[in-house]
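entry-v8.cif (mmCIF, C-alpha atoms and all ligand atoms) appears below.
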data_query
#
loop_
_atom_site.label_atom_id
_atom_site.label_comp_id
_atom_site.auth_asym_id
_atom_site.auth_seq_id
_atom_site.Cartn_x
_atom_site.Cartn_y
_atom_site.Cartn_z
CA MET L 23 76.36 -51.51 100.54
CA SER L 24 77.06 -54.23 103.03
CA GLY L 25 79.26 -57.29 103.12
CA GLY L 26 77.40 -60.59 103.16
CA PRO L 27 78.14 -63.19 105.81
CA GLY L 28 81.81 -64.01 105.80
CA LEU L 29 82.76 -61.12 103.58
CA PRO L 30 84.98 -58.35 104.86
CA VAL L 31 83.17 -55.05 105.32
CA PRO L 32 83.43 -52.78 102.26
CA THR L 33 86.25 -50.35 102.83
CA LEU L 34 85.07 -47.34 104.79
CA PRO L 35 87.53 -44.52 105.26
CA ALA L 36 89.51 -45.48 108.37
CA PRO L 37 89.55 -42.63 110.89
CA PRO L 38 92.90 -40.93 111.37
CA VAL L 39 94.94 -41.88 114.43
CA SER L 40 96.66 -39.40 116.73
CA VAL L 41 99.23 -40.71 119.20
CA VAL L 42 100.22 -38.76 122.31
CA GLY L 43 103.57 -39.99 123.61
CA LEU L 44 105.89 -41.21 120.87
CA GLY L 45 108.20 -43.42 122.94
CA GLN L 46 108.48 -47.20 122.69
CA LEU L 47 104.74 -48.00 122.53
CA GLY L 48 103.41 -44.84 120.91
CA GLY L 49 106.28 -44.43 118.44
CA SER L 50 105.98 -48.08 117.44
CA LEU L 51 102.22 -47.79 116.92
CA ALA L 52 102.45 -44.54 114.96
CA GLY L 53 105.32 -45.92 112.87
CA ALA L 54 103.43 -49.14 112.09
CA LEU L 55 100.29 -47.27 111.07
CA ALA L 56 102.22 -44.78 108.93
CA ALA L 57 104.05 -47.66 107.23
CA GLY L 58 100.64 -49.19 106.47
CA GLY L 59 99.45 -46.01 104.78
CA ARG L 60 97.14 -44.85 107.60
CA GLU L 61 96.87 -41.13 108.27
CA VAL L 62 98.68 -40.74 111.59
CA SER L 63 99.73 -37.75 113.61
CA GLY L 64 101.24 -37.39 117.04
CA TRP L 65 102.71 -35.32 119.82
CA ASP L 66 105.36 -35.79 122.50
CA VAL L 67 106.81 -33.37 125.02
CA ASP L 68 110.29 -34.58 124.01
CA PRO L 69 111.52 -33.01 120.75
CA SER L 70 113.74 -36.01 119.98
CA ALA L 71 110.69 -38.32 120.10
CA ARG L 72 108.81 -35.92 117.80
CA ASP L 73 111.72 -35.86 115.32
CA ALA L 74 112.05 -39.66 115.31
CA ALA L 75 108.32 -40.04 114.65
CA ALA L 76 108.36 -37.43 111.88
CA ALA L 77 111.15 -39.39 110.19
CA ARG L 78 108.76 -42.39 110.09
CA GLY L 79 106.03 -40.40 108.35
CA VAL L 80 104.08 -39.22 111.41
CA ARG L 81 102.65 -35.70 111.16
CA VAL L 82 103.68 -33.83 114.31
CA THR L 83 100.85 -31.67 115.65
CA ARG L 84 99.03 -30.71 118.84
CA GLU L 85 95.67 -31.12 117.08
CA LEU L 86 94.23 -34.56 117.69
CA ALA L 87 91.37 -36.27 115.86
CA GLY L 88 89.95 -39.69 115.01
CA VAL L 89 91.26 -42.36 117.36
CA VAL L 90 93.46 -40.59 119.92
CA VAL L 91 95.88 -42.97 121.64
CA LEU L 92 97.46 -41.97 124.95
CA ALA L 93 100.87 -43.68 125.11
CA VAL L 94 102.44 -41.64 127.90
CA PRO L 95 103.71 -42.94 131.27
CA LEU L 96 100.88 -43.79 133.69
CA PRO L 97 101.42 -40.73 135.95
CA ALA L 98 101.00 -38.45 132.90
CA MET L 99 97.79 -40.07 131.57
CA ALA L 100 95.31 -37.82 133.37
CA THR L 101 96.88 -34.57 132.15
CA ALA L 102 98.40 -35.53 128.78
CA LEU L 103 95.58 -33.89 126.80
CA ASP L 104 95.52 -30.68 128.86
CA ASP L 105 97.53 -28.48 126.47
CA LEU L 106 96.43 -30.20 123.27
CA ILE L 107 93.47 -29.57 120.96
CA LEU L 108 91.08 -32.52 120.92
CA ASP L 109 88.45 -32.85 118.20
CA PRO L 110 85.05 -33.16 119.95
CA GLY L 111 84.23 -36.27 117.91
CA ALA L 112 87.47 -38.06 118.75
CA THR L 113 87.55 -41.46 120.43
CA VAL L 114 90.14 -41.55 123.23
CA THR L 115 92.01 -44.72 124.12
CA ASP L 116 95.23 -45.53 125.98
CA VAL L 117 97.89 -48.22 126.13
CA GLY L 118 98.59 -48.04 129.88
CA SER L 119 99.63 -51.17 131.73
CA VAL L 120 96.82 -50.86 134.30
CA LYS L 121 93.24 -50.15 133.43
CA ARG L 122 91.13 -49.29 136.50
CA VAL L 123 93.07 -46.14 137.42
CA VAL L 124 93.00 -44.90 133.83
CA LEU L 125 89.25 -45.60 133.63
CA ASP L 126 88.75 -43.64 136.86
CA THR L 127 90.68 -40.60 135.55
CA VAL L 128 90.77 -40.40 131.74
CA GLY L 129 87.56 -42.44 131.45
CA ALA L 130 85.76 -40.18 133.91
CA ALA L 131 86.88 -37.11 131.96
CA HIS L 132 85.85 -38.42 128.52
CA GLY L 133 82.85 -40.62 129.30
CA ARG L 134 81.61 -42.70 126.37
CA ARG L 135 84.37 -41.28 124.14
CA PHE L 136 86.88 -43.39 126.12
CA VAL L 137 87.89 -47.01 125.53
CA GLY L 138 90.75 -48.35 127.66
CA GLY L 139 93.37 -50.59 126.11
CA HIS L 140 96.62 -52.43 126.82
CA PRO L 141 98.78 -54.08 124.16
CA MET L 142 100.58 -57.03 125.76
CA CYS L 143 103.94 -56.30 124.21
CA GLY L 144 106.92 -54.09 124.82
CA THR L 145 110.37 -54.50 126.24
CA GLU L 146 112.38 -53.22 129.18
CA ARG L 147 113.68 -50.42 126.93
CA SER L 148 112.06 -47.01 126.57
CA GLY L 149 112.05 -43.88 124.44
CA PRO L 150 112.33 -43.39 120.69
CA ASP L 151 115.41 -45.64 120.46
CA ALA L 152 113.19 -48.54 121.53
CA VAL L 153 110.67 -47.97 118.71
CA ASP L 154 109.88 -51.08 116.67
CA PRO L 155 106.96 -50.90 114.22
CA SER L 156 106.67 -54.71 114.25
CA LEU L 157 106.10 -54.68 118.03
CA PHE L 158 102.37 -55.44 117.81
CA ALA L 159 102.48 -58.24 115.23
CA GLY L 160 100.90 -61.30 116.85
CA ALA L 161 100.48 -59.57 120.22
CA ARG L 162 97.30 -59.72 122.30
CA TRP L 163 95.74 -56.28 122.84
CA ALA L 164 93.36 -56.09 125.79
CA LEU L 165 90.47 -53.71 125.01
CA CYS L 166 88.05 -52.76 127.76
CA LEU L 167 84.33 -53.25 127.46
CA GLU L 168 82.67 -51.65 130.47
CA PRO L 169 78.87 -51.61 130.80
CA ALA L 170 78.85 -48.01 129.47
CA THR L 171 81.36 -48.55 126.64
CA ASP L 172 80.17 -47.32 123.24
CA LEU L 173 80.49 -50.41 121.03
CA ALA L 174 81.02 -48.38 117.85
CA ARG L 175 83.99 -46.63 119.44
CA TRP L 176 85.29 -49.92 120.85
CA LEU L 177 85.30 -51.29 117.30
CA ARG L 178 87.11 -48.22 115.98
CA VAL L 179 89.91 -48.81 118.48
CA ALA L 180 89.86 -52.57 117.83
CA GLU L 181 90.42 -51.86 114.15
CA VAL L 182 93.55 -49.85 114.97
CA ALA L 183 94.91 -52.80 116.95
CA LEU L 184 94.01 -55.24 114.14
CA ALA L 185 95.63 -52.92 111.59
CA VAL L 186 99.03 -53.35 113.25
CA GLY L 187 98.73 -57.14 113.48
CA ALA L 188 97.46 -57.54 117.05
CA GLU L 189 94.62 -59.79 118.24
CA VAL L 190 92.03 -58.05 120.39
CA VAL L 191 91.07 -59.53 123.76
CA PRO L 192 87.77 -58.10 125.08
CA VAL L 193 88.02 -57.57 128.86
CA THR L 194 86.70 -55.44 131.67
CA ALA L 195 89.18 -53.15 133.40
CA ALA L 196 88.80 -55.10 136.66
CA GLU L 197 89.37 -58.49 135.03
CA HIS L 198 92.35 -57.11 133.15
CA ASP L 199 94.00 -55.75 136.29
CA ASP L 200 93.52 -59.02 138.18
CA ALA L 201 94.94 -61.01 135.27
CA VAL L 202 98.00 -58.85 134.60
CA ALA L 203 98.80 -58.78 138.33
CA ALA L 204 99.54 -62.51 138.05
CA VAL L 205 101.32 -62.58 134.68
CA SER L 206 103.06 -59.20 134.56
CA HIS L 207 103.19 -57.36 137.86
CA VAL L 208 104.29 -60.27 140.05
CA PRO L 209 106.99 -61.23 137.48
CA HIS L 210 108.35 -57.67 137.79
CA LEU L 211 108.53 -58.04 141.59
CA LEU L 212 110.11 -61.48 141.31
CA ALA L 213 112.70 -60.23 138.83
CA ALA L 214 113.59 -57.42 141.20
CA ALA L 215 113.84 -59.78 144.19
CA LEU L 216 115.97 -62.24 142.24
CA ALA L 217 118.36 -59.56 141.01
CA ALA L 218 118.63 -57.95 144.44
CA ALA L 219 119.29 -61.30 146.17
CA ALA L 220 121.91 -62.27 143.59
CA ALA L 221 123.69 -58.94 144.04
CA GLU L 222 123.84 -59.64 147.79
CA ALA L 223 125.25 -63.12 147.07
CA GLY L 224 128.42 -61.41 145.84
CA PRO L 225 130.71 -61.12 142.83
CA LEU L 226 131.31 -64.85 142.35
CA ALA L 227 127.56 -65.51 142.05
CA LEU L 228 127.17 -62.67 139.56
CA ALA L 229 130.15 -63.92 137.56
CA LEU L 230 128.55 -67.35 137.24
CA ALA L 231 125.06 -66.04 136.43
CA ALA L 232 123.91 -67.16 132.98
CA GLY L 233 120.69 -68.04 131.16
CA SER L 234 118.34 -68.69 134.11
CA PHE L 235 119.42 -65.49 135.78
CA ARG L 236 119.22 -63.48 132.55
CA ASP L 237 115.70 -64.69 131.69
CA GLY L 238 114.38 -64.43 135.25
CA THR L 239 115.64 -60.86 135.72
CA ARG L 240 115.11 -59.36 132.24
CA VAL L 241 112.30 -57.04 133.28
CA ALA L 242 114.33 -55.77 136.24
CA GLY L 243 116.11 -53.74 133.56
CA SER L 244 112.94 -51.65 133.05
CA ASP L 245 112.83 -48.02 134.10
CA PRO L 246 112.12 -48.23 137.88
CA ALA L 247 109.74 -45.25 137.64
CA PHE L 248 107.66 -47.11 135.03
CA VAL L 249 107.46 -50.27 137.15
CA THR L 250 106.71 -48.39 140.36
CA ALA L 251 103.86 -46.48 138.70
CA MET L 252 102.47 -49.71 137.27
CA LEU L 253 102.50 -51.46 140.67
CA ALA L 254 101.09 -48.42 142.47
CA GLY L 255 98.23 -48.36 139.98
CA ASN L 256 97.33 -51.98 140.71
CA ALA L 257 98.44 -52.42 144.32
CA GLY L 258 95.49 -54.52 145.53
CA PRO L 259 95.49 -57.18 142.79
CA ALA L 260 99.32 -57.25 142.77
CA ALA L 261 99.42 -57.88 146.54
CA ALA L 262 96.80 -60.64 146.21
CA ALA L 263 98.73 -62.27 143.36
CA LEU L 264 101.95 -62.05 145.36
CA ALA L 265 100.25 -63.75 148.31
CA ARG L 266 99.21 -66.62 146.02
CA LEU L 267 102.79 -66.87 144.80
CA ARG L 268 104.11 -67.01 148.38
CA GLN L 269 101.80 -69.99 149.00
CA GLN L 270 103.35 -71.72 146.00
CA LEU L 271 106.83 -71.18 147.46
CA ASP L 272 105.73 -72.93 150.66
CA ARG L 273 104.88 -76.16 148.82
CA PRO L 274 107.30 -79.10 148.95
CA TRP L 275 109.85 -78.41 146.22
CA PRO L 276 109.14 -81.50 144.09
CA ASP L 277 105.44 -80.56 144.04
CA LEU L 278 106.23 -76.96 143.21
CA VAL L 279 108.63 -77.87 140.40
CA ALA L 280 106.12 -80.32 138.87
CA ALA L 281 103.24 -77.82 139.10
CA GLY L 282 105.42 -75.11 137.59
CA HIS L 283 106.44 -77.37 134.73
CA ALA L 284 102.76 -78.12 134.01
CA GLY L 285 101.80 -74.46 134.27
CA ARG L 286 104.49 -73.38 131.87
CA ALA L 287 103.39 -76.09 129.38
CA ALA L 288 99.77 -74.86 129.68
CA TRP L 289 100.96 -71.34 128.89
CA SER L 290 102.90 -72.54 125.84
CA ARG L 291 99.78 -74.30 124.58
CA GLY L 292 97.78 -71.12 125.31
CA THR L 293 100.06 -68.99 123.13
CA ALA L 294 99.33 -71.24 120.14
CA PRO L 295 96.30 -73.37 121.08
CA GLY L 296 94.21 -75.38 118.71
CA ARG L 297 91.79 -72.80 117.42
CA ARG L 298 88.12 -72.90 116.61
CA THR L 299 86.93 -69.96 114.52
CA VAL L 300 83.88 -68.20 115.92
CA ARG L 301 81.64 -65.43 114.58
CA VAL L 302 80.66 -63.12 117.37
CA PRO L 303 77.84 -60.55 117.28
CA LEU L 304 78.73 -57.02 118.29
CA ASP L 305 77.41 -57.61 121.74
CA ARG L 306 79.26 -56.93 124.99
CA ALA L 307 78.48 -60.26 126.68
CA ALA L 308 79.39 -62.28 123.58
CA LEU L 309 82.65 -60.39 123.10
CA LEU L 310 83.64 -60.72 126.76
CA ALA L 311 82.95 -64.46 126.58
CA VAL L 312 85.63 -64.75 123.88
CA GLY L 313 88.17 -63.00 126.10
CA ARG L 314 87.27 -65.05 129.17
CA SER L 315 87.70 -68.29 127.25
CA GLY L 316 91.29 -67.34 126.33
CA GLY L 317 90.38 -66.40 122.75
CA ALA L 318 90.72 -63.21 120.76
CA ILE L 319 89.19 -61.19 117.93
CA THR L 320 91.12 -61.27 114.69
CA ARG L 321 89.02 -59.38 112.15
CA ARG L 322 85.92 -57.36 111.65
CA LEU L 323 83.17 -58.61 109.37
CA ALA L 324 79.85 -56.99 108.44
CA ALA L 325 77.58 -57.37 111.45
CA PHE L 326 79.95 -59.31 113.65
CA VAL L 327 83.58 -59.91 114.32
CA GLU L 328 85.54 -63.05 113.79
CA GLY L 329 87.88 -64.55 116.29
CA TRP L 330 88.81 -67.80 117.89
CA VAL L 331 88.45 -69.66 121.15
CA PRO L 332 90.56 -72.58 122.37
CA ASP L 333 89.41 -75.95 121.02
CA ASP L 334 88.29 -77.03 124.47
CA ALA L 335 86.36 -73.83 125.34
CA ALA L 336 82.74 -74.31 126.40
CA ASP L 337 80.06 -73.17 123.94
CA GLY L 338 78.02 -70.07 124.77
N1 LIG O 401 107.12 -50.71 127.92
C1 LIG O 401 106.25 -51.71 127.95
O1 LIG O 401 106.62 -52.87 127.97
C2 LIG O 401 104.78 -51.39 127.92
C3 LIG O 401 103.90 -52.39 127.49
C4 LIG O 401 102.54 -52.11 127.40
C5 LIG O 401 102.08 -50.86 127.80
N2 LIG O 401 102.95 -49.90 128.25
C6 LIG O 401 102.41 -48.60 128.62
O2 LIG O 401 102.67 -47.72 127.56
C7 LIG O 401 102.82 -46.40 128.05
C8 LIG O 401 104.10 -45.83 127.47
O3 LIG O 401 105.17 -46.68 127.82
P1 LIG O 401 106.49 -46.72 126.94
O4 LIG O 401 107.19 -47.97 127.32
O5 LIG O 401 106.21 -46.41 125.52
O6 LIG O 401 107.27 -45.48 127.60
P2 LIG O 401 108.37 -44.54 126.90
O7 LIG O 401 109.09 -43.88 128.03
O8 LIG O 401 109.16 -45.29 125.90
O9 LIG O 401 107.50 -43.45 126.13
C9 LIG O 401 106.69 -42.51 126.79
C10 LIG O 401 106.72 -41.22 125.96
O10 LIG O 401 105.76 -40.31 126.50
C11 LIG O 401 106.31 -39.01 126.44
N3 LIG O 401 105.58 -38.16 127.38
C12 LIG O 401 105.66 -38.11 128.73
N4 LIG O 401 104.77 -37.23 129.21
C13 LIG O 401 104.10 -36.73 128.15
C14 LIG O 401 103.05 -35.77 128.01
N5 LIG O 401 102.48 -35.19 129.07
N6 LIG O 401 102.62 -35.48 126.77
C15 LIG O 401 103.18 -36.07 125.68
N7 LIG O 401 104.19 -36.96 125.75
C16 LIG O 401 104.62 -37.30 126.97
C17 LIG O 401 107.77 -39.21 126.78
O11 LIG O 401 108.55 -38.11 126.33
C18 LIG O 401 108.08 -40.50 126.01
O12 LIG O 401 108.53 -40.24 124.69
C19 LIG O 401 102.81 -46.49 129.58
O13 LIG O 401 101.58 -46.05 130.07
C20 LIG O 401 103.00 -47.97 129.85
O14 LIG O 401 102.28 -48.36 131.01
C21 LIG O 401 104.29 -50.14 128.28
#

Could you quickly redo this structure as structure tokens?
Amino acid sequence: MSGGPGLPVPTLPAPPVSVVGLGQLGGSLAGALAAGGREVSGWDVDPSARDAAAARGVRVTRELAGVVVLAVPLPAMATALDDLILDPGATVTDVGSVKRVVLDTVGAAHGRRFVGGHPMCGTERSGPDAVDPSLFAGARWALCLEPATDLARWLRVAEVALAVGAEVVPVTAAEHDDAVAAVSHVPHLLAAALAAAAAEAGPLALALAAGSFRDGTRVAGSDPAFVTAMLAGNAGPAAAALARLRQQLDRPWPDLVAAGHAGRAAWSRGTAPGRRTVRVPLDRAALLAVGRSGGAITRRLAAFVEGWVPDDAADG
């Protein structure tokens, strides 16, 4: 049986999901899937994270099958599966904030079973207390398509992201790391610099700090170990993005302020652009073209996926 054009695929049994690391990202994902009726299991080295996940309907086990999601801190990615039992047919993915280093370690170990991913959501909080099953709703979820990626496994992971309300952005690991250097890693460095400089300015400055300071420094509240690992894993692109930012700071201030205002407006439009629906064949080049245009995949249909590109995106 197959769905005709435009019809959703007839329901096939969705593979189970196993989540390793049940903190903010992993606990939120497992909780969202369990709430949606998906079979979901998980493991964490921290008993309190295991207990919190179990209370949300997650089966706690060391045996992993189906789509196995690594949601541990970046330094633990390469070894997180060492003491666990992995079904040989499992597809392995991750939610790490950098993609090339995970591809070089976890990807090298699991070959075509591996599909790298990065949901663009989360807060400066961590651990099971930061779990929020609605975290992924409306978020973009970068999903890596390398030349050797198995498209069937890529789709299996994409369907997990879609199931929790995210939109899937097809990317390569290299393109992802360059992009997040500019929009995530440099903001972390800027937030740190701003907070450190304000602290040096003294108690009066801190007493008067309000909205601009709060918004500009929010991510400086993140666990320093998490941020340091993220920057270390993407040092080259982060340094290049920081150099571009330094050039901006050297511009005459009126020019800088005007360009920043325009850039922020472009971002606001990009978060909710005019959308043109597109049907995309399950083909790496076609999928990557959606991501590069600023679009995303929103659902799976029979022989293709459906998504959108900005109104003004070029055809092809
Ligand atoms: N926090 C964010 O904003 C954010 C956003 C997107 C992606 N990420 C990525 O998600 C991953 C997890 O981040 P988080 O914010 O959920 O962190 P977190 O600290 O909230 O959760 C990590 C969990 O992993 C567990 N853990 C550590 N080592 C483990 C191991 N070897 N085996 C099993 N469990 C282990 C910890 O006990 C903890 O419960 C990181 O790789 C991070 O780069 C984070």

Practice problem: Pull the neighbourhood of (109.6, -63.3, 139.9) for me: all residues within 12 Å in file coordinates, counting all atoms listed in the file, as a ChimeraX atom specification. | Solution: /L:203-219,234-235,237-242,263-264,267-268,271

Requested write-out: C-alpha atoms of the selected residues, as a PDB file, in the coordinates of the input:
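result_18.pdb was written with the following content:
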ATOM      1  CA  ALA L 203      98.800 -58.780 138.330  1.00  0.00           C
ATOM      2  CA  ALA L 204      99.540 -62.510 138.050  1.00  0.00           C
ATOM      3  CA  VAL L 205     101.320 -62.580 134.680  1.00  0.00           C
ATOM      4  CA  SER L 206     103.060 -59.200 134.560  1.00  0.00           C
ATOM      5  CA  HIS L 207     103.190 -57.360 137.860  1.00  0.00           C
ATOM      6  CA  VAL L 208     104.290 -60.270 140.050  1.00  0.00           C
ATOM      7  CA  PRO L 209     106.990 -61.230 137.480  1.00  0.00           C
ATOM      8  CA  HIS L 210     108.350 -57.670 137.790  1.00  0.00           C
ATOM      9  CA  LEU L 211     108.530 -58.040 141.590  1.00  0.00           C
ATOM     10  CA  LEU L 212     110.110 -61.480 141.310  1.00  0.00           C
ATOM     11  CA  ALA L 213     112.700 -60.230 138.830  1.00  0.00           C
ATOM     12  CA  ALA L 214     113.590 -57.420 141.200  1.00  0.00           C
ATOM     13  CA  ALA L 215     113.840 -59.780 144.190  1.00  0.00           C
ATOM     14  CA  LEU L 216     115.970 -62.240 142.240  1.00  0.00           C
ATOM     15  CA  ALA L 217     118.360 -59.560 141.010  1.00  0.00           C
ATOM     16  CA  ALA L 218     118.630 -57.950 144.440  1.00  0.00           C
ATOM     17  CA  ALA L 219     119.290 -61.300 146.170  1.00  0.00           C
ATOM     18  CA  SER L 234     118.340 -68.690 134.110  1.00  0.00           C
ATOM     19  CA  PHE L 235     119.420 -65.490 135.780  1.00  0.00           C
ATOM     20  CA  ASP L 237     115.700 -64.690 131.690  1.00  0.00           C
ATOM     21  CA  GLY L 238     114.380 -64.430 135.250  1.00  0.00           C
ATOM     22  CA  THR L 239     115.640 -60.860 135.720  1.00  0.00           C
ATOM     23  CA  ARG L 240     115.110 -59.360 132.240  1.00  0.00           C
ATOM     24  CA  VAL L 241     112.300 -57.040 133.280  1.00  0.00           C
ATOM     25  CA  ALA L 242     114.330 -55.770 136.240  1.00  0.00           C
ATOM     26  CA  ALA L 263      98.730 -62.270 143.360  1.00  0.00           C
ATOM     27  CA  LEU L 264     101.950 -62.050 145.360  1.00  0.00           C
ATOM     28  CA  LEU L 267     102.790 -66.870 144.800  1.00  0.00           C
ATOM     29  CA  ARG L 268     104.110 -67.010 148.380  1.00  0.00           C
ATOM     30  CA  LEU L 271     106.830 -71.180 147.460  1.00  0.00           C
TER      31      LEU L 271
END

Exercise. List all protein, DNA and RNA residues that have any atom at most 7 Å from ligand LIG 401 (chain O), counting only C-alpha atoms and all ligand atoms, and write the list as a PyMOL selection string.
Key: chain L and resi 42-48+65-68+71+93-96+98+101-102+117-120+140-150+152+248+252

Exercise. Work out how far CA of Pro192 (chain L) is from CA of Gly313 (chain L), in Å to one decimal.
Key: 5.0 Å

Practice problem: Give me the residues within 12 Å of Gly187 (chain L) as a VMD selection string, counting only C-alpha atoms and dropping any in the same chain fewer than 4 places off. | Solution: chain L and resid 51 54 to 55 58 141 143 155 to 163 180 to 183 319 to 321

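Across L:Val137, L:Val128, L:Leu230, L:Val202, the tightest approach to Asp172 (chain L) is made by L:Val137 when counting only C-alpha atoms.
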
Please output region 67-79 of chain L, rebuilt to include N, CA and C atoms, as an mmCIF file, in the frame of the given file.
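That gives us out01.cif:
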data_model
loop_
_atom_site.group_PDB
_atom_site.id
_atom_site.type_symbol
_atom_site.label_atom_id
_atom_site.label_comp_id
_atom_site.auth_asym_id
_atom_site.auth_seq_id
_atom_site.Cartn_x
_atom_site.Cartn_y
_atom_site.Cartn_z
ATOM 1 N N VAL L 67 106.150 -34.519 124.411
ATOM 2 C CA VAL L 67 106.810 -33.370 125.020
ATOM 3 C C VAL L 67 108.303 -33.352 124.708
ATOM 4 N N ASP L 68 108.852 -34.468 124.296
ATOM 5 C CA ASP L 68 110.290 -34.580 124.010
ATOM 6 C C ASP L 68 110.540 -34.351 122.518
ATOM 7 N N PRO L 69 111.297 -33.291 122.172
ATOM 8 C CA PRO L 69 111.520 -33.010 120.750
ATOM 9 C C PRO L 69 112.197 -34.162 120.008
ATOM 10 N N SER L 70 113.064 -34.925 120.694
ATOM 11 C CA SER L 70 113.740 -36.010 119.980
ATOM 12 C C SER L 70 112.741 -37.113 119.599
ATOM 13 N N ALA L 71 111.737 -37.338 120.441
ATOM 14 C CA ALA L 71 110.690 -38.320 120.100
ATOM 15 C C ALA L 71 109.858 -37.811 118.932
ATOM 16 N N ARG L 72 109.586 -36.504 118.913
ATOM 17 C CA ARG L 72 108.810 -35.920 117.800
ATOM 18 C C ARG L 72 109.591 -36.073 116.497
ATOM 19 N N ASP L 73 110.896 -35.773 116.547
ATOM 20 C CA ASP L 73 111.720 -35.860 115.320
ATOM 21 C C ASP L 73 111.784 -37.290 114.806
ATOM 22 N N ALA L 74 111.951 -38.245 115.737
ATOM 23 C CA ALA L 74 112.050 -39.660 115.310
ATOM 24 C C ALA L 74 110.740 -40.100 114.658
ATOM 25 N N ALA L 75 109.609 -39.660 115.223
ATOM 26 C CA ALA L 75 108.320 -40.040 114.650
ATOM 27 C C ALA L 75 108.130 -39.391 113.279
ATOM 28 N N ALA L 76 108.512 -38.132 113.161
ATOM 29 C CA ALA L 76 108.360 -37.430 111.880
ATOM 30 C C ALA L 76 109.154 -38.155 110.791
ATOM 31 N N ALA L 77 110.327 -38.671 111.165
ATOM 32 C CA ALA L 77 111.150 -39.390 110.190
ATOM 33 C C ALA L 77 110.475 -40.677 109.723
ATOM 34 N N ARG L 78 109.505 -41.174 110.488
ATOM 35 C CA ARG L 78 108.760 -42.390 110.090
ATOM 36 C C ARG L 78 107.449 -42.052 109.398
ATOM 37 N N GLY L 79 107.230 -40.776 109.104
ATOM 38 C CA GLY L 79 106.030 -40.400 108.350
ATOM 39 C C GLY L 79 104.870 -39.949 109.224
#
